[in-house]
Amino acid sequence: MLPLKIVVIGGGAAGFFSAIACAKVNPQAQVTLLEASRQPLAKVRISGGGRCNVTHACFEPEALVQNYPRGGKALRGAFTRFQARDTISWFAIHGVPLKTETDGRMFPITDNSETVVNCLMKAAVASGVELRIGTLVSSLKRLPSAVGKQEGFEILLKSGETIKCDRLLLATGSSLIGYKIARELGHQIEPPVPSLFTFNIADQKLRTLAGVSVNSVQLRLSGSGNSQLEQTGPLLITHWGLSGPAVLKLSAWGARILHDSHYQGTLSINWLPSLSQEQVRQQILAVKTEWAKKAIALHRGAELPHRLWQYIIARAGITTEDRWAGLSHKTLNQLVQELTQGQYLINGKGAFKEEFVTCGGVNLKEVNFKTMESRLVPGLYFAGEILDIDGVTGGFNFQSAWTTAYLGGNAMGISN
């Protein structure tokens, strides 16, 4: 019996991981990985600020899926078969122990993404995977099935060369060629739009606070009508607007809504989410009583960075000369409003360069998540970001890549 000929298109994290899994489960198979660029694993290299956020220390599938704005339901079962604990074990076995940071993100103990890149490259070579770098795919077609033989695929390269294979896995990320191939084979593609991005804010005075951070704020996209579009977490003010984990998570959950509104909208910020509005009011009144003769600008009524406090009181109509004793009831209400429900206009998105992620891709109902095989085309498999799956920042996008790649690679390598 002839060995299985298997091709993986895409030399990113999912492509390498699936090719390695396939070659290990079926050492007799001829596994070829095609990567268009001259530098495979590019996103692995730059992720996590060059440290590579491999996964997240979340080991319960039910909890893990809560970090995926799209794809969580489909991944629920997949994570029972391969999850973060399995990722940690796999890399440890291959000489790359991981460490956990206080926020749950996991990195190689070297703090260097090249460690992960080298690991995947060496594992692929050791498993017998043929790596073809700088190889561009032009088109693909299904081959007619012969008697007693499953139909396969013929891949046309830009060079004019053709490659035939029995099984094919697409791990092309957000590359247009992957969407084109999947669509031509009958799959529905959910329109790709950006996820994980920062907010441009029109307020020039806010931008002068660039570099100021707050450990915990509550953000809400006004008018969304969806309770999911609310996030609490750290916030960073930048020279273009707002960034930080809370913003990035909100951008992920609101990716389609923000895209459809051309990245225009109103953002509500609660700068003191641990307190109720009434508690904030009572705290302000207590400070007013204690520091009656002092300047409001210099004696803060909330635990916020000094520059941010001065900015917020100015929004409430308070000058640098105003004293606590002269704070009117109306102005106090305005200050409480600014502290708990301040309104900021979003007028565009910025880039989150470390982890560019898109939502959209192959419709998940058309994929069997036990094997990652297409429900429409026998012998066709998917892994990684080509699927309509995206996670929030923190290692979750890599984890879905490892999981879908491992399941797809294993299933693809098992002979019928």
# chains A, B, ... in the order shown; residues from 1 in each chain; ligands from 1

call {"tool": "select_by_dssp", "arguments": {"residues": "range 263-331 of chain A", "states": "helix (DSSP H, G or I)", "output": "PyMOL selection string"}}
result
chain A and resi 277-290+306-315+324-326+329-331

call {"tool": "write_last_selection", "arguments": {"atoms": "C-alpha atoms", "output": "short mmCIF file (atom, residue, chain, number, x, y, z; two decimals), in the first residue's frame"}}
result
data_model
loop_
_atom_site.label_atom_id
_atom_site.label_comp_id
_atom_site.auth_asym_id
_atom_site.auth_seq_id
_atom_site.Cartn_x
_atom_site.Cartn_y
_atom_site.Cartn_z
CA GLN A 277 -22.01 55.28 42.23
CA GLU A 278 -23.39 56.05 45.71
CA GLN A 279 -20.14 54.94 47.34
CA VAL A 280 -18.22 57.27 45.02
CA ARG A 281 -20.57 60.11 46.00
CA GLN A 282 -20.06 59.44 49.72
CA GLN A 283 -16.31 59.25 49.25
CA ILE A 284 -16.29 62.63 47.50
CA LEU A 285 -18.44 64.16 50.24
CA ALA A 286 -16.08 62.84 52.92
CA VAL A 287 -13.09 64.37 51.15
CA LYS A 288 -15.01 67.63 50.76
CA THR A 289 -15.56 67.75 54.52
CA GLU A 290 -12.01 66.79 55.44
CA HIS A 306 -2.75 62.76 39.78
CA ARG A 307 -2.74 63.90 36.13
CA LEU A 308 -5.83 61.83 35.38
CA TRP A 309 -7.65 63.29 38.40
CA GLN A 310 -6.92 66.83 37.18
CA TYR A 311 -8.19 65.92 33.71
CA ILE A 312 -11.42 64.40 35.07
CA ILE A 313 -12.26 67.34 37.36
CA ALA A 314 -11.72 69.71 34.42
CA ARG A 315 -14.29 67.68 32.45
CA TRP A 324 -13.59 71.63 48.12
CA ALA A 325 -15.72 73.93 50.29
CA GLY A 326 -17.13 75.65 47.22
CA HIS A 329 -24.31 69.98 44.53
CA LYS A 330 -24.63 70.23 40.75
CA THR A 331 -20.86 70.12 40.16
#

call {"tool": "closest_atom_pairs", "arguments": {"of": "range 246-331 of chain A", "to": "range 392-411 of chain A", "cutoff": "12 Å", "atoms": "only C-alpha atoms", "output": "JSON lines"}}
result
{"residue": "A:Ala246", "atom": "CA", "partner": "A:Thr393", "partner_atom": "CA", "distance": 9.9}
{"residue": "A:Val247", "atom": "CA", "partner": "A:Thr393", "partner_atom": "CA", "distance": 10.4}
{"residue": "A:Leu248", "atom": "CA", "partner": "A:Thr393", "partner_atom": "CA", "distance": 7.0}
{"residue": "A:Lys249", "atom": "CA", "partner": "A:Val392", "partner_atom": "CA", "distance": 5.4}
{"residue": "A:Leu250", "atom": "CA", "partner": "A:Val392", "partner_atom": "CA", "distance": 8.7}
{"residue": "A:Ser251", "atom": "CA", "partner": "A:Val392", "partner_atom": "CA", "distance": 8.9}
{"residue": "A:Ala252", "atom": "CA", "partner": "A:Val392", "partner_atom": "CA", "distance": 6.2}
{"residue": "A:Trp253", "atom": "CA", "partner": "A:Val392", "partner_atom": "CA", "distance": 8.2}
{"residue": "A:Gly254", "atom": "CA", "partner": "A:Val392", "partner_atom": "CA", "distance": 11.2}
{"residue": "A:Ala255", "atom": "CA", "partner": "A:Val392", "partner_atom": "CA", "distance": 11.1}

call {"tool": "write_last_selection", "arguments": {"atoms": "all heavy atoms", "output": "mmCIF file, in the first residue's frame"}}
result
data_model
loop_
_atom_site.group_PDB
_atom_site.id
_atom_site.type_symbol
_atom_site.label_atom_id
_atom_site.label_comp_id
_atom_site.auth_asym_id
_atom_site.auth_seq_id
_atom_site.Cartn_x
_atom_site.Cartn_y
_atom_site.Cartn_z
ATOM 1 N N ALA A 246 -8.208 45.898 28.849
ATOM 2 C CA ALA A 246 -9.662 46.120 28.830
ATOM 3 C C ALA A 246 -10.127 46.551 27.445
ATOM 4 O O ALA A 246 -11.166 46.086 26.945
ATOM 5 C CB ALA A 246 -10.055 47.159 29.875
ATOM 6 N N VAL A 247 -9.368 47.428 26.805
ATOM 7 C CA VAL A 247 -9.718 47.909 25.464
ATOM 8 C C VAL A 247 -9.593 46.785 24.443
ATOM 9 O O VAL A 247 -10.465 46.592 23.587
ATOM 10 C CB VAL A 247 -8.825 49.107 25.070
ATOM 11 C CG1 VAL A 247 -8.978 49.436 23.591
ATOM 12 C CG2 VAL A 247 -9.164 50.322 25.914
ATOM 13 N N LEU A 248 -8.502 46.027 24.513
ATOM 14 C CA LEU A 248 -8.281 44.952 23.542
ATOM 15 C C LEU A 248 -9.374 43.892 23.636
ATOM 16 O O LEU A 248 -9.875 43.397 22.614
ATOM 17 C CB LEU A 248 -6.903 44.327 23.752
ATOM 18 C CG LEU A 248 -5.726 45.264 23.475
ATOM 19 C CD1 LEU A 248 -4.421 44.628 23.926
ATOM 20 C CD2 LEU A 248 -5.655 45.646 22.006
ATOM 21 N N LYS A 249 -9.776 43.549 24.854
ATOM 22 C CA LYS A 249 -10.851 42.566 25.016
ATOM 23 C C LYS A 249 -12.174 43.101 24.484
ATOM 24 O O LYS A 249 -12.925 42.385 23.818
ATOM 25 C CB LYS A 249 -10.988 42.177 26.496
ATOM 26 C CG LYS A 249 -9.850 41.311 27.005
ATOM 27 C CD LYS A 249 -10.048 40.970 28.474
ATOM 28 C CE LYS A 249 -8.893 40.116 28.989
ATOM 29 N NZ LYS A 249 -9.064 39.764 30.423
ATOM 30 N N LEU A 250 -12.447 44.362 24.761
ATOM 31 C CA LEU A 250 -13.689 44.965 24.272
ATOM 32 C C LEU A 250 -13.690 45.021 22.744
ATOM 33 O O LEU A 250 -14.715 44.786 22.106
ATOM 34 C CB LEU A 250 -13.858 46.367 24.853
ATOM 35 C CG LEU A 250 -15.228 47.019 24.636
ATOM 36 C CD1 LEU A 250 -16.324 46.217 25.320
ATOM 37 C CD2 LEU A 250 -15.233 48.449 25.162
ATOM 38 N N SER A 251 -12.533 45.302 22.157
ATOM 39 C CA SER A 251 -12.452 45.351 20.693
ATOM 40 C C SER A 251 -12.697 43.976 20.087
ATOM 41 O O SER A 251 -13.257 43.860 18.991
ATOM 42 C CB SER A 251 -11.086 45.884 20.245
ATOM 43 O OG SER A 251 -10.070 44.901 20.360
ATOM 44 N N ALA A 252 -12.271 42.933 20.789
ATOM 45 C CA ALA A 252 -12.494 41.576 20.281
ATOM 46 C C ALA A 252 -13.977 41.214 20.310
ATOM 47 O O ALA A 252 -14.543 40.742 19.325
ATOM 48 C CB ALA A 252 -11.686 40.573 21.102
ATOM 49 N N TRP A 253 -14.631 41.458 21.438
ATOM 50 C CA TRP A 253 -16.052 41.137 21.552
ATOM 51 C C TRP A 253 -16.895 42.021 20.647
ATOM 52 O O TRP A 253 -17.943 41.594 20.137
ATOM 53 C CB TRP A 253 -16.514 41.264 23.006
ATOM 54 C CG TRP A 253 -16.002 40.162 23.872
ATOM 55 C CD1 TRP A 253 -14.952 40.230 24.737
ATOM 56 C CD2 TRP A 253 -16.479 38.813 23.947
ATOM 57 N NE1 TRP A 253 -14.753 39.014 25.341
ATOM 58 C CE2 TRP A 253 -15.673 38.126 24.879
ATOM 59 C CE3 TRP A 253 -17.512 38.122 23.306
ATOM 60 C CZ2 TRP A 253 -15.867 36.784 25.191
ATOM 61 C CZ3 TRP A 253 -17.703 36.775 23.622
ATOM 62 C CH2 TRP A 253 -16.882 36.131 24.551
ATOM 63 N N GLY A 254 -16.439 43.253 20.419
ATOM 64 C CA GLY A 254 -17.207 44.180 19.599
ATOM 65 C C GLY A 254 -16.681 44.332 18.188
ATOM 66 O O GLY A 254 -17.032 45.289 17.496
ATOM 67 N N ALA A 255 -15.856 43.380 17.723
ATOM 68 C CA ALA A 255 -15.176 43.519 16.429
ATOM 69 C C ALA A 255 -16.134 43.792 15.281
ATOM 70 O O ALA A 255 -15.918 44.706 14.483
ATOM 71 C CB ALA A 255 -14.349 42.267 16.141
#

call {"tool": "closest_residue", "arguments": {"among": "A:Ile269, A:Ala42, A:Leu33, A:Leu339", "to": "Gly301 in chain A", "atoms": "only C-alpha atoms"}}
result
A:Leu339

call {"tool": "residues_around", "arguments": {"residues": "Arg323 in chain A", "least_positions_apart": "2", "cutoff": "10 Å", "atoms": "only C-alpha atoms", "output": "list of chain:residue names"}}
result
A:Lys288, A:Trp291, A:Ala292, A:Lys293, A:Lys294, A:Ala295, A:Ile296, A:Ala297, A:Leu298, A:His299, A:Ile318, A:Thr319, A:Thr320, A:Glu321, A:Ala325, A:Gly326, A:Leu327

call {"tool": "residues_around", "arguments": {"residues": "range 184-201 of chain A", "least_positions_apart": "6", "cutoff": "6 Å", "atoms": "only C-alpha atoms", "output": "compact mmCIF listing (two decimals) with N, CA, C and O atoms, in the first residue's frame"}}
result
# COMPACT_ATOMS: atom_id res chain seq x y z
N TRP A 240 -2.72 58.36 21.00
CA TRP A 240 -3.82 58.35 20.02
C TRP A 240 -5.17 58.06 20.69
O TRP A 240 -6.21 58.18 20.08
N GLY A 241 -5.14 57.65 21.97
CA GLY A 241 -6.40 57.35 22.64
C GLY A 241 -6.25 56.37 23.78
O GLY A 241 -5.60 56.68 24.78
N LEU A 242 -6.81 55.16 23.62
CA LEU A 242 -6.84 54.20 24.71
C LEU A 242 -6.37 52.82 24.26
O LEU A 242 -6.69 52.37 23.15
N SER A 243 -5.64 52.15 25.15
CA SER A 243 -5.17 50.80 24.90
C SER A 243 -5.22 50.05 26.21
O SER A 243 -5.87 50.47 27.17
N LEU A 248 -8.50 46.03 24.51
CA LEU A 248 -8.28 44.95 23.54
C LEU A 248 -9.37 43.89 23.64
O LEU A 248 -9.88 43.40 22.61
N SER A 251 -12.53 45.30 22.16
CA SER A 251 -12.45 45.35 20.69
C SER A 251 -12.70 43.98 20.09
O SER A 251 -13.26 43.86 18.99
N ALA A 252 -12.27 42.93 20.79
CA ALA A 252 -12.49 41.58 20.28
C ALA A 252 -13.98 41.21 20.31
O ALA A 252 -14.54 40.74 19.33
N ALA A 255 -15.86 43.38 17.72
CA ALA A 255 -15.18 43.52 16.43
C ALA A 255 -16.13 43.79 15.28
O ALA A 255 -15.92 44.71 14.48
N LEU A 345 -15.72 59.70 22.80
CA LEU A 345 -16.05 59.38 21.41
C LEU A 345 -14.91 58.59 20.75
O LEU A 345 -13.76 59.05 20.72
N ILE A 346 -15.25 57.40 20.25
CA ILE A 346 -14.30 56.60 19.46
C ILE A 346 -14.38 57.10 18.03
O ILE A 346 -15.46 57.18 17.44
N ASN A 347 -13.24 57.44 17.44
CA ASN A 347 -13.26 57.88 16.04
C ASN A 347 -12.20 57.17 15.21
O ASN A 347 -11.47 57.75 14.43
N GLY A 348 -12.14 55.87 15.39
CA GLY A 348 -11.21 55.05 14.61
C GLY A 348 -10.50 54.04 15.48
O GLY A 348 -10.67 54.01 16.70
N LYS A 349 -9.73 53.18 14.83
CA LYS A 349 -9.00 52.14 15.56
C LYS A 349 -7.52 52.28 15.29
O LYS A 349 -7.09 52.75 14.24
N GLY A 350 -6.74 51.86 16.27
CA GLY A 350 -5.30 51.79 16.10
C GLY A 350 -4.90 50.34 15.90
O GLY A 350 -5.75 49.44 15.83
N ALA A 351 -3.63 50.09 15.80
CA ALA A 351 -3.13 48.73 15.61
C ALA A 351 -2.56 48.20 16.90
O ALA A 351 -1.96 48.93 17.68
N PHE A 352 -2.80 46.90 17.12
CA PHE A 352 -2.11 46.22 18.21
C PHE A 352 -1.09 45.31 17.54
O PHE A 352 -1.40 44.20 17.13
N VAL A 357 -4.93 40.07 14.89
CA VAL A 357 -5.88 38.96 14.82
C VAL A 357 -7.10 39.41 14.03
O VAL A 357 -7.51 40.56 14.11
N THR A 358 -7.66 38.50 13.24
CA THR A 358 -8.91 38.80 12.57
C THR A 358 -10.00 37.85 13.08
O THR A 358 -9.73 36.71 13.45
N CYS A 359 -11.23 38.36 13.10
CA CYS A 359 -12.36 37.46 13.28
C CYS A 359 -12.92 37.20 11.89
O CYS A 359 -12.73 38.00 10.98
N GLY A 360 -13.58 36.08 11.72
CA GLY A 360 -14.04 35.68 10.39
C GLY A 360 -13.25 34.48 9.91
O GLY A 360 -12.26 34.08 10.51
N GLY A 361 -13.70 33.90 8.80
CA GLY A 361 -13.04 32.72 8.27
C GLY A 361 -14.04 31.63 7.95
O GLY A 361 -15.25 31.88 7.81
N VAL A 362 -13.55 30.41 7.84
CA VAL A 362 -14.40 29.28 7.47
C VAL A 362 -15.51 29.08 8.49
O VAL A 362 -15.25 29.04 9.70
N ASN A 363 -16.74 28.97 8.00
CA ASN A 363 -17.91 28.75 8.86
C ASN A 363 -17.72 27.48 9.68
O ASN A 363 -17.47 26.40 9.14

call {"tool": "closest_residue", "arguments": {"among": "A:Ala126, A:Leu380, A:Ile414, A:Leu335", "to": "Pro3 in chain A", "atoms": "only C-alpha atoms"}}
result
A:Ile414

call {"tool": "closest_residue", "arguments": {"among": "A:Leu332, A:Val377, A:Val96, A:Ile237", "to": "Lys122 in chain A", "atoms": "only C-alpha atoms"}}
result
A:Val96

call {"tool": "closest_residue", "arguments": {"among": "A:Ala36, A:Ile386, A:Leu267, A:Val31", "to": "Gly11 in chain A", "atoms": "only C-alpha atoms"}}
result
A:Ala36

call {"tool": "residues_around", "arguments": {"residues": "Leu98 in chain A", "least_positions_apart": "4", "cutoff": "8 Å", "atoms": "only C-alpha atoms", "output": "list in words"}}
result
Ile88, Phe91, Ala92, Met106, Phe107, Pro108 and Ile109 of chain A

call {"tool": "atom_distance", "arguments": {"atom1": "CA of Arg132 in chain A", "atom2": "CA of Ala19 in chain A"}}
result
12.3 Å
